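Source file: entry_8.cif (mmCIF, C-alpha atoms)
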data_my_file
loop_
_atom_site.label_atom_id
_atom_site.label_comp_id
_atom_site.auth_asym_id
_atom_site.auth_seq_id
_atom_site.Cartn_x
_atom_site.Cartn_y
_atom_site.Cartn_z
CA MET X 1425 8.99 170.64 60.53
CA ARG X 1426 8.22 172.94 57.59
CA LEU X 1427 7.53 172.51 53.90
CA THR X 1428 11.16 173.30 53.07
CA ASP X 1429 12.18 170.32 55.23
CA CYS X 1430 10.29 167.94 52.91
CA HIS X 1431 12.45 166.31 50.25
CA ASN X 1432 10.59 163.05 49.56
CA VAL X 1433 7.21 161.40 49.98
CA GLU X 1434 8.03 160.11 53.46
CA ASP X 1435 8.89 163.63 54.61
CA PHE X 1436 5.50 164.86 53.41
CA ARG X 1437 3.86 161.94 55.17
CA ARG X 1438 5.40 162.98 58.49
CA LEU X 1439 4.33 166.58 58.03
CA ALA X 1440 0.81 165.50 57.08
CA GLN X 1441 0.59 163.40 60.25
CA ARG X 1442 1.44 166.47 62.32
CA ARG X 1443 -1.14 168.67 60.61
CA LEU X 1444 -4.15 166.34 60.33
CA PRO X 1445 -6.48 164.99 63.01
CA GLY X 1446 -5.81 161.32 63.59
CA PRO X 1447 -8.95 159.94 61.87
CA VAL X 1448 -8.26 161.94 58.71
CA PHE X 1449 -4.56 161.04 58.54
CA HIS X 1450 -5.23 157.35 59.06
CA TYR X 1451 -7.87 157.40 56.32
CA ILE X 1452 -5.14 158.48 53.86
CA ASP X 1453 -2.40 156.33 55.34
CA GLY X 1454 -4.31 153.16 56.11
CA ALA X 1455 -5.19 150.13 54.01
CA ALA X 1456 -7.04 146.82 54.28
CA ASP X 1457 -6.61 144.12 56.92
CA ASP X 1458 -2.92 143.73 57.87
CA GLU X 1459 -1.80 146.26 55.21
CA VAL X 1460 0.55 143.71 53.68
CA THR X 1461 -0.35 144.67 50.13
CA LYS X 1462 0.06 148.38 50.82
CA ALA X 1463 3.63 147.78 51.97
CA ARG X 1464 4.34 145.41 49.09
CA ASN X 1465 3.20 147.99 46.52
CA THR X 1466 6.34 150.03 47.20
CA ALA X 1467 8.67 147.22 48.31
CA ALA X 1468 8.12 145.40 44.99
CA PHE X 1469 10.30 147.97 43.24
CA ASP X 1470 13.22 146.97 45.48
CA ASP X 1471 13.34 143.49 43.90
CA CYS X 1472 14.43 145.03 40.61
CA ASP X 1473 17.70 146.90 39.92
CA LEU X 1474 18.44 149.49 37.27
CA VAL X 1475 21.44 148.91 34.99
CA PRO X 1476 22.67 152.28 33.68
CA ARG X 1477 24.38 152.98 30.35
CA VAL X 1478 27.12 155.62 30.28
CA LEU X 1479 28.72 158.02 27.78
CA ALA X 1480 25.34 158.59 26.16
CA GLY X 1481 25.48 162.37 25.78
CA VAL X 1482 22.35 163.18 27.77
CA GLU X 1483 22.65 166.90 28.49
CA GLN X 1484 18.97 167.18 27.58
CA VAL X 1485 16.32 164.52 28.15
CA ASP X 1486 12.74 164.30 26.88
CA MET X 1487 10.23 163.06 29.47
CA ARG X 1488 7.15 163.52 27.29
CA THR X 1489 4.72 160.73 26.52
CA THR X 1490 1.26 160.40 25.00
CA LEU X 1491 -1.42 158.88 27.19
CA MET X 1492 -5.08 158.41 26.23
CA GLY X 1493 -4.60 160.74 23.29
CA LYS X 1494 -2.99 163.60 25.23
CA GLU X 1495 0.68 164.50 25.28
CA ILE X 1496 1.94 165.04 28.82
CA ALA X 1497 5.23 166.51 29.97
CA LEU X 1498 6.21 163.65 32.27
CA PRO X 1499 5.16 159.99 32.62
CA LEU X 1500 3.53 160.45 36.02
CA PHE X 1501 0.10 161.76 36.92
CA PHE X 1502 -2.40 162.33 39.71
CA SER X 1503 -4.56 159.27 40.25
CA PRO X 1504 -8.13 160.21 41.27
CA THR X 1505 -8.77 160.16 45.01
CA ALA X 1506 -11.84 160.96 47.09
CA LEU X 1507 -12.63 163.57 49.76
CA GLN X 1508 -9.69 165.88 49.09
CA ARG X 1509 -11.11 168.95 50.87
CA LEU X 1510 -11.04 166.94 54.08
CA PHE X 1511 -7.26 166.78 53.81
CA HIS X 1512 -6.75 170.47 53.00
CA TRP X 1513 -9.32 173.19 52.37
CA GLN X 1514 -7.99 173.73 48.82
CA GLY X 1515 -8.60 170.07 47.90
CA GLU X 1516 -8.95 169.24 44.21
CA ARG X 1517 -8.41 172.89 43.28
CA ALA X 1518 -4.82 172.67 44.52
CA VAL X 1519 -4.15 169.37 42.76
CA GLY X 1520 -5.69 170.52 39.50
CA ALA X 1521 -3.59 173.69 39.51
CA ALA X 1522 -0.46 171.62 40.14
CA ALA X 1523 -1.33 169.23 37.30
CA GLU X 1524 -1.75 172.20 34.99
CA LYS X 1525 1.67 173.59 35.92
CA LEU X 1526 3.33 170.20 35.48
CA GLY X 1527 1.54 169.45 32.22
CA THR X 1528 0.09 166.10 33.23
CA TRP X 1529 -3.24 164.32 33.75
CA PHE X 1530 -5.49 165.30 36.65
CA GLY X 1531 -7.94 162.69 37.93
CA ILE X 1532 -10.98 163.34 40.11
CA SER X 1533 -13.16 160.82 41.89
CA SER X 1534 -16.92 160.37 41.83
CA LEU X 1535 -16.50 161.23 45.52
CA ALA X 1536 -14.66 164.47 44.73
CA THR X 1537 -15.33 167.55 46.84
CA VAL X 1538 -15.31 169.89 43.82
CA SER X 1539 -17.86 169.56 41.03
CA ILE X 1540 -17.31 168.14 37.57
CA GLU X 1541 -18.44 171.48 36.15
CA GLU X 1542 -15.95 173.55 38.14
CA VAL X 1543 -13.05 171.28 37.19
CA GLY X 1544 -14.09 171.38 33.55
CA ALA X 1545 -14.24 175.18 33.58
CA THR X 1546 -11.07 175.92 35.54
CA VAL X 1547 -8.47 173.20 34.89
CA ARG X 1548 -6.66 173.21 31.55
CA ALA X 1549 -4.72 169.98 32.20
CA PRO X 1550 -6.06 166.74 30.67
CA LYS X 1551 -8.93 165.62 32.90
CA LEU X 1552 -9.84 162.07 33.95
CA PHE X 1553 -13.05 161.19 35.80
CA GLN X 1554 -13.08 158.09 37.99
CA LEU X 1555 -16.51 156.49 37.74
CA TYR X 1556 -17.91 154.37 40.56
CA VAL X 1557 -20.94 152.51 39.23
CA HIS X 1558 -23.81 153.03 41.65
CA LYS X 1559 -27.02 151.05 42.00
CA ASP X 1560 -28.79 154.26 40.96
CA GLU X 1561 -28.64 154.18 37.14
CA GLY X 1562 -29.79 157.78 37.00
CA LEU X 1563 -26.74 158.85 38.98
CA ASN X 1564 -24.41 156.90 36.67
CA ARG X 1565 -25.94 158.51 33.57
CA SER X 1566 -25.83 161.92 35.19
CA MET X 1567 -22.10 161.73 35.93
CA ILE X 1568 -21.25 160.57 32.41
CA ASP X 1569 -23.40 163.28 30.83
CA ARG X 1570 -21.90 165.94 33.09
CA CYS X 1571 -18.38 164.84 32.13
CA LYS X 1572 -19.28 165.13 28.45
CA ALA X 1573 -20.70 168.61 28.94
CA ALA X 1574 -17.70 169.72 31.01
CA GLY X 1575 -15.17 168.59 28.43
CA PHE X 1576 -13.47 165.80 30.35
CA ASP X 1577 -10.91 163.90 28.30
CA ALA X 1578 -11.32 160.37 29.66
CA ILE X 1579 -13.28 158.23 32.09
CA ALA X 1580 -11.69 155.57 34.30
CA LEU X 1581 -14.16 152.91 35.40
CA THR X 1582 -13.04 151.57 38.78
CA VAL X 1583 -13.55 147.82 38.83
CA ASP X 1584 -12.07 146.74 42.18
CA THR X 1585 -14.47 148.34 44.69
CA ILE X 1586 -17.83 146.61 44.42
CA VAL X 1587 -17.54 146.19 48.20
CA GLY X 1588 -15.49 148.19 50.67
CA GLY X 1589 -12.20 146.84 51.93
CA ASN X 1590 -11.73 146.04 55.62
CA ARG X 1591 -9.94 149.26 56.59
CA GLU X 1592 -9.35 148.58 60.25
CA ARG X 1593 -7.65 151.89 61.02
CA CYS X 1594 -10.85 153.66 59.97
CA LEU X 1595 -12.87 151.29 62.17
CA ARG X 1596 -10.66 152.13 65.14
CA THR X 1597 -10.71 155.90 64.60
CA GLY X 1598 -14.37 156.08 63.58
CA PHE X 1599 -13.61 157.97 60.37
CA THR X 1600 -16.68 158.93 58.35
CA SER X 1601 -17.61 161.32 55.56
CA PRO X 1602 -18.44 163.91 56.69
CA PRO X 1603 -16.46 163.56 59.94
CA ARG X 1604 -18.55 162.58 62.93
CA LEU X 1605 -17.77 164.24 66.25
CA THR X 1606 -17.13 161.71 69.02
CA PRO X 1607 -15.38 162.14 72.37
CA ARG X 1608 -12.27 160.50 70.92
CA SER X 1609 -12.22 162.39 67.64
CA ALA X 1610 -13.00 165.70 69.38
CA ILE X 1611 -9.68 165.51 71.19
CA SER X 1612 -7.82 165.02 67.92
CA PHE X 1613 -9.75 167.82 66.20
CA ALA X 1614 -9.04 170.18 69.11
CA ALA X 1615 -5.33 169.33 68.93
CA HIS X 1616 -5.27 170.46 65.28
CA PRO X 1617 -6.95 173.89 65.39
CA ARG X 1618 -5.81 175.02 61.93
CA TRP X 1619 -7.50 172.04 60.26
CA THR X 1620 -10.58 172.34 62.48
CA LEU X 1621 -11.08 176.05 61.83
CA ASP X 1622 -10.66 175.53 58.08
CA TYR X 1623 -13.24 172.74 58.15
CA LEU X 1624 -15.75 174.72 60.22
CA PHE X 1625 -15.50 178.16 58.64
CA ARG X 1626 -14.48 177.72 55.02
CA GLU X 1627 -16.68 176.36 52.22
CA PRO X 1628 -19.01 173.67 53.62
CA PHE X 1629 -17.93 170.11 52.91
CA ALA X 1630 -19.89 168.41 50.13
CA LEU X 1631 -19.73 165.71 47.46
CA PRO X 1632 -21.24 167.75 44.60
CA ASN X 1633 -21.12 164.99 41.99
CA LEU X 1634 -23.34 162.77 44.13
CA GLN X 1635 -25.49 164.95 46.34
CA SER X 1636 -28.35 165.42 43.85
CA HIS X 1637 -28.95 161.66 44.08
CA VAL X 1638 -27.31 160.49 47.33
CA ALA X 1639 -27.41 161.96 50.83
CA HIS X 1640 -24.77 159.59 52.19
CA GLY X 1641 -21.33 161.13 52.50
CA THR X 1642 -22.49 164.75 52.58
CA LYS X 1643 -25.60 165.01 54.76
CA VAL X 1644 -25.47 161.52 56.27
CA ALA X 1645 -22.16 160.50 57.88
CA THR X 1646 -20.96 157.15 56.60
CA SER X 1647 -17.75 155.17 56.47
CA ILE X 1648 -16.25 154.76 53.02
CA GLY X 1649 -16.38 150.98 53.44
CA ASP X 1650 -20.11 151.10 54.18
CA TYR X 1651 -20.67 153.49 51.28
CA PHE X 1652 -19.00 151.17 48.78
CA SER X 1653 -20.72 148.07 50.17
CA THR X 1654 -24.23 149.56 50.18
CA MET X 1655 -24.31 152.12 47.35
CA LEU X 1656 -22.24 150.55 44.56
CA ASP X 1657 -23.52 148.01 42.04
CA GLN X 1658 -22.09 144.59 42.91
CA SER X 1659 -23.61 143.06 39.76
CA MET X 1660 -21.32 145.08 37.46
CA ASP X 1661 -19.79 142.84 34.80
CA TRP X 1662 -17.95 143.02 31.47
CA LYS X 1663 -21.14 143.75 29.55
CA ALA X 1664 -21.83 146.70 31.86
CA ALA X 1665 -18.29 147.98 31.35
CA GLU X 1666 -18.70 147.74 27.57
CA ARG X 1667 -22.00 149.65 27.74
CA ILE X 1668 -20.37 152.41 29.77
CA ARG X 1669 -17.53 152.64 27.27
CA ALA X 1670 -20.05 152.99 24.45
CA ASP X 1671 -22.15 155.55 26.35
CA TRP X 1672 -19.08 157.63 27.08
CA GLY X 1673 -17.69 157.39 23.56
CA GLY X 1674 -14.23 158.78 24.36
CA ALA X 1675 -10.96 157.62 25.85
CA PHE X 1676 -11.85 154.86 28.32
CA CYS X 1677 -9.74 153.29 31.03
CA LEU X 1678 -10.31 150.38 33.42
CA LYS X 1679 -8.81 151.07 36.85
CA GLY X 1680 -8.08 148.04 39.01
CA VAL X 1681 -6.98 145.41 36.48
CA MET X 1682 -4.49 142.95 38.00
CA SER X 1683 -4.53 139.84 35.78
CA ALA X 1684 -3.39 139.28 32.22
CA GLU X 1685 -6.70 137.62 31.38
CA ASP X 1686 -8.65 140.68 32.51
CA ALA X 1687 -6.24 142.88 30.56
CA ARG X 1688 -7.07 140.87 27.41
CA ARG X 1689 -10.79 141.34 28.07
CA ALA X 1690 -10.21 145.09 28.46
CA VAL X 1691 -8.75 145.06 24.95
CA ASP X 1692 -11.76 143.08 23.69
CA ILE X 1693 -14.27 145.69 24.95
CA GLY X 1694 -12.34 148.52 23.33
CA ALA X 1695 -10.69 150.15 26.35
CA THR X 1696 -8.01 152.73 25.60
CA ALA X 1697 -5.95 152.04 28.72
CA ILE X 1698 -5.79 149.98 31.90
CA MET X 1699 -4.50 151.01 35.29
CA VAL X 1700 -2.74 148.05 36.88
CA SER X 1701 -3.83 148.80 40.41
CA ASN X 1702 -4.96 147.25 43.70
CA HIS X 1703 -6.46 150.52 45.00
CA GLY X 1704 -3.41 151.28 47.13
CA GLY X 1705 -3.84 148.04 49.09
CA ARG X 1706 -7.15 149.38 50.44
CA GLN X 1707 -9.37 146.59 49.06
CA LEU X 1708 -8.01 143.02 48.93
CA ASP X 1709 -5.09 142.53 51.29
CA GLY X 1710 -2.76 139.78 50.13
CA SER X 1711 -3.15 140.71 46.48
CA ARG X 1712 -0.13 141.24 44.24
CA ALA X 1713 1.59 144.59 43.81
CA PRO X 1714 1.01 146.37 40.50
CA PHE X 1715 4.73 146.33 39.68
CA ASP X 1716 4.86 142.57 40.32
CA GLN X 1717 2.13 142.03 37.72
CA LEU X 1718 3.33 144.58 35.21
CA ALA X 1719 5.61 142.43 33.02
CA GLU X 1720 3.01 139.68 32.58
CA ILE X 1721 0.33 142.20 31.60
CA VAL X 1722 2.58 144.16 29.25
CA ASP X 1723 3.63 140.93 27.53
CA ALA X 1724 -0.02 139.97 27.10
CA VAL X 1725 -1.49 143.25 25.82
CA GLY X 1726 1.14 146.01 25.81
CA ASP X 1727 1.08 146.37 22.03
CA ARG X 1728 -2.73 146.74 21.96
CA ILE X 1729 -3.59 148.94 24.94
CA GLU X 1730 -1.88 151.56 27.09
CA VAL X 1731 -0.72 150.13 30.42
CA ILE X 1732 -0.42 152.36 33.50
CA CYS X 1733 1.30 151.26 36.72
CA ASP X 1734 -0.81 152.72 39.54
CA GLY X 1735 0.27 152.63 43.15
CA GLY X 1736 3.32 152.33 45.37
CA VAL X 1737 5.31 155.04 43.59
CA ARG X 1738 7.49 156.92 46.05
CA ARG X 1739 10.58 157.70 43.98
CA GLY X 1740 11.48 158.68 40.45
CA ASN X 1741 13.41 155.44 40.01
CA HIS X 1742 10.16 153.55 40.63
CA VAL X 1743 8.75 155.29 37.57
CA LEU X 1744 11.85 154.44 35.54
CA LYS X 1745 11.56 150.77 36.50
CA ALA X 1746 7.89 150.62 35.51
CA LEU X 1747 8.59 152.33 32.20
CA SER X 1748 11.47 149.96 31.53
CA VAL X 1749 9.12 147.01 31.98
CA GLY X 1750 6.76 148.55 29.45
CA ALA X 1751 4.29 150.82 31.23
CA ARG X 1752 3.26 153.93 29.33
CA ALA X 1753 3.08 155.97 32.56
CA CYS X 1754 2.67 155.73 36.34
CA SER X 1755 0.15 157.22 38.72
CA GLY X 1756 -0.55 157.30 42.43
CA GLY X 1757 -2.55 158.83 45.24
CA ARG X 1758 -0.66 158.95 48.51
CA MET X 1759 2.41 160.37 46.75
CA TYR X 1760 0.56 163.70 46.44
CA LEU X 1761 -2.14 163.42 49.13
CA TYR X 1762 0.42 163.60 51.93
CA ALA X 1763 1.77 166.79 50.33
CA LEU X 1764 -1.73 168.23 49.89
CA ALA X 1765 -2.48 167.60 53.55
CA ALA X 1766 0.87 169.06 54.59
CA ALA X 1767 0.76 172.32 52.66
CA GLY X 1768 -1.96 172.60 50.03
CA GLN X 1769 -0.99 173.58 46.50
CA PRO X 1770 2.61 174.53 47.37
CA GLY X 1771 3.02 171.11 48.95
CA VAL X 1772 1.65 169.26 45.92
CA GLU X 1773 3.84 171.27 43.56
CA ARG X 1774 6.93 170.64 45.67
CA ALA X 1775 6.27 166.90 46.03
CA MET X 1776 5.58 166.33 42.35
CA GLY X 1777 8.42 168.65 41.40
CA LYS X 1778 10.79 166.52 43.44
CA LEU X 1779 9.56 163.37 41.69
CA LYS X 1780 9.93 165.07 38.30
CA ASP X 1781 13.51 166.04 39.18
CA GLU X 1782 14.24 162.45 40.23
CA ILE X 1783 12.90 161.11 36.93
CA GLU X 1784 14.98 163.58 34.93
CA ARG X 1785 18.12 162.95 36.98
CA GLY X 1786 17.57 159.21 36.77
CA MET X 1787 17.18 159.30 33.00
CA LYS X 1788 20.50 161.14 32.67
CA LEU X 1789 22.23 158.66 34.95
CA MET X 1790 20.62 155.80 33.00
CA GLY X 1791 21.86 157.23 29.69
CA ALA X 1792 18.30 157.63 28.36
CA LYS X 1793 17.62 160.67 26.19
CA SER X 1794 13.92 159.83 25.92
CA LEU X 1795 11.48 157.37 27.44
CA ALA X 1796 11.84 155.23 24.31
CA ASP X 1797 15.43 154.48 25.35
CA LEU X 1798 14.22 152.67 28.48
CA GLY X 1799 13.63 148.93 28.22
CA ARG X 1800 14.14 145.63 29.98
CA HIS X 1801 17.81 145.73 29.03
CA ASN X 1802 18.02 148.33 31.81
CA LEU X 1803 16.70 145.94 34.47
CA ARG X 1804 17.93 142.98 36.49
CA TRP X 1805 15.72 141.11 38.98
CA ARG X 1806 17.27 139.84 42.19
#
Could I get this structure in the form of structure tokens?
Amino acid sequence: MRLTDCHNVEDFRRLAQRRLPGPVFHYIDGAADDEVTKARNTAAFDDCDLVPRVLAGVEQVDMRTTLMGKEIALPLFFSPTALQRLFHWQGERAVGAAAEKLGTWFGISSLATVSIEEVGATVRAPKLFQLYVHKDEGLNRSMIDRCKAAGFDAIALTVDTIVGGNRERCLRTGFTSPPRLTPRSAISFAAHPRWTLDYLFREPFALPNLQSHVAHGTKVATSIGDYFSTMLDQSMDWKAAERIRADWGGAFCLKGVMSAEDARRAVDIGATAIMVSNHGGRQLDGSRAPFDQLAEIVDAVGDRIEVICDGGVRRGNHVLKALSVGARACSGGRMYLYALAAAGQPGVERAMGKLKDEIERGMKLMGAKSLADLGRHNLRWR
């Protein structure tokens, strides 16, 4: 199987599984508990059908939208994800370059493997920093100040990870950051020599946005679940979120909002946007899918805050359905992480290019010249 054999997200997933050691692949692919929510995140789109309009004269369509003050070329962007240089040696550098080519937002995690400063200096796409609030206030202040100095365009405060989810695949494989060599994992690493040689002989693995304050994750091997449960501030509340918004002073997003009431409170504290997200099903299994909650949240606050549908996106028609409900844009992680793991920057560009083509083709078949033409008149629920 080669890159040219990949035509959709599932194809990239299969290629990634062939090219990654088992513990690393299952970290990307896995979710919490029975993984019911992970599956529902994508399946939720199947409960809604598109109703196309014809004879609309749609030789050209306009996919542009404005999100958090930046115009982007398509209503889909790269949600921030951690540890990317574990999946491919190019890591965030590949994803940032792809975002620049596509003209869309590029998000990096607090647990990114490339520094805030490097991203600020090298990526010309709009840049979003995902902030995990740590118990160490000095670390929190440092990351915000570094984002200001590096010219980041927005911060997304993640609100759904005050403890780590029960990611049983990671418990079974023994996945840690950095990877810990065990008899079981050694077999998988040896069976994937390209990945292993890249990991051993290219740039050393690090978490440069944390390592001045925290040894865990770079020098001390730890599971992501343990990291979240021990290092993050479980006392974070709405007052803390409002203080962070004020300290940052720019476009501010809450990532992990799933209820209409919380969406209203996000408006009250002055947030620019919310990401309707359950962290890819990696935190609370049994929670609702973002698409299932989207209409209720849009009806509650959609005229006062930008609403992003985050997670479960595998096809362009998923984006069209979310936009028709009232989302300003969609985002996701696995949709590009599989491609990154499969083939680095060419993989990410091909995967996102395929999704862009599907959105454009779908708009033409829907009779929509611009995103403003999409609405609930285009949808029927089963």
key: Residues selected by the PyMOL selection byres ((chain X and resi 1740) around 6), written as a list in words   =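 With the PyMOL selection byres ((chain X and resi 1740) around 6) on this model, the match is Arg1739, Asn1741, His1742, Val1743, Leu1779, Glu1782 and Ile1783 of chain X.
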C-alpha atoms of the current selection, written as a CSV table (one decimal), keeping the file's coordinate frame:
chain,number,residue,atom,x,y,z
X,1739,ARG,CA,10.6,157.7,44.0
X,1741,ASN,CA,13.4,155.4,40.0
X,1742,HIS,CA,10.2,153.6,40.6
X,1743,VAL,CA,8.8,155.3,37.6
X,1779,LEU,CA,9.6,163.4,41.7
X,1782,GLU,CA,14.2,162.4,40.2
X,1783,ILE,CA,12.9,161.1,36.9
Counting all atoms listed in the file, the residue of X:Leu1678, X:Ala1767, X:Leu1631, X:Val1725 that sits nearest X:Arg1437 =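 Ranking X:Leu1678, X:Ala1767, X:Leu1631, X:Val1725 by distance to X:Arg1437, first place goes to X:Ala1767.
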key: Output of the PyMOL selection byres ((chain X and resi 1775) around 7), listed as number ranges by chain   = X: 1432-1433, 1760, 1763, 1771-1774, 1776-1779
Atomic separation - atom CA of X:Phe1449 relative to atom CA of X:Leu1427, Å =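 Going from atom CA of X:Leu1427 over to atom CA of X:Phe1449 covers 17.3 Å.
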query = Written as a PyMOL selection string, which residues does the PyMOL selection byres ((chain X and resi 1684-1700) around 8) give for the file shown?
reply = chain X and resi 1492+1662+1665-1666+1669+1675-1683+1701-1702+1714+1717-1718+1720-1721+1724-1725+1728-1734
task = Would you work out the distance separating atom CA of X:Arg1438 from atom CA of X:Leu1595, expressed in Å to one decimal?
result =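 Spanning atom CA of X:Arg1438 to atom CA of X:Leu1595 is a straight-line distance of 22.0 Å.
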Under the rule of at most 12 Å, produce a per-residue listing of stretch 1605-1712 of chain X near stretch 1466-1481 of chain X: chain, number, name, the closest pair of atoms, and the distance in Å, as a tab-separated table, using all atoms listed in the file.
residue	atom	partner	partner_atom	distance
X:Gly1704	CA	X:Thr1466	CA	9.8
X:Gly1705	CA	X:Thr1466	CA	10.5
X:Arg1712	CA	X:Ala1468	CA	9.3
message = Residues within 10 Å of X:Arg1596, please, as a ChimeraX atom specification. Count all atoms listed in the file; anything in the same chain fewer than 5 positions from it doesn't count.
response = /X:1447,1450,1591
Just C-alpha atoms for this one: save the residues we selected as an mmCIF file, in the frame of the given file.
data_model
loop_
_atom_site.group_PDB
_atom_site.id
_atom_site.type_symbol
_atom_site.label_atom_id
_atom_site.label_comp_id
_atom_site.auth_asym_id
_atom_site.auth_seq_id
_atom_site.Cartn_x
_atom_site.Cartn_y
_atom_site.Cartn_z
ATOM 1 C CA PRO X 1447 -8.950 159.940 61.870
ATOM 2 C CA HIS X 1450 -5.230 157.350 59.060
ATOM 3 C CA ARG X 1591 -9.940 149.260 56.590
#
All heavy atoms are needed for stretch 1766-1772 of chain X; please write them out as a CSV table (one decimal), in the coordinates of the input.
chain,number,residue,atom,x,y,z
X,1766,ALA,N,-0.2,168.3,53.9
X,1766,ALA,CA,0.9,169.1,54.6
X,1766,ALA,C,0.9,170.5,54.3
X,1766,ALA,O,1.1,171.4,55.2
X,1766,ALA,CB,2.2,168.5,54.2
X,1767,ALA,N,0.6,170.9,53.0
X,1767,ALA,CA,0.8,172.3,52.7
X,1767,ALA,C,-0.1,172.8,51.5
X,1767,ALA,O,0.3,173.8,50.9
X,1767,ALA,CB,2.2,172.6,52.4
X,1768,GLY,N,-1.1,172.1,51.1
X,1768,GLY,CA,-2.0,172.6,50.0
X,1768,GLY,C,-1.2,172.6,48.7
X,1768,GLY,O,-0.4,171.8,48.4
X,1769,GLN,N,-1.6,173.6,47.8
X,1769,GLN,CA,-1.0,173.6,46.5
X,1769,GLN,C,0.5,173.7,46.5
X,1769,GLN,O,1.2,172.9,45.7
X,1769,GLN,CB,-1.6,174.7,45.7
X,1769,GLN,CG,-1.1,174.8,44.2
X,1769,GLN,CD,-1.7,175.9,43.4
X,1769,GLN,OE1,-2.8,176.4,43.7
X,1769,GLN,NE2,-1.1,176.3,42.3
X,1770,PRO,N,1.1,174.5,47.3
X,1770,PRO,CA,2.6,174.5,47.4
X,1770,PRO,C,3.2,173.2,47.7
X,1770,PRO,O,4.3,172.8,47.2
X,1770,PRO,CB,3.0,175.6,48.4
X,1770,PRO,CG,1.8,176.5,48.5
X,1770,PRO,CD,0.6,175.6,48.2
X,1771,GLY,N,2.5,172.4,48.6
X,1771,GLY,CA,3.0,171.1,49.0
X,1771,GLY,C,2.9,170.2,47.8
X,1771,GLY,O,3.9,169.4,47.5
X,1772,VAL,N,1.8,170.2,47.1
X,1772,VAL,CA,1.6,169.3,45.9
X,1772,VAL,C,2.7,169.6,44.8
X,1772,VAL,O,3.3,168.7,44.3
X,1772,VAL,CB,0.2,169.4,45.3
X,1772,VAL,CG1,0.1,168.5,44.1
X,1772,VAL,CG2,-0.8,168.9,46.4
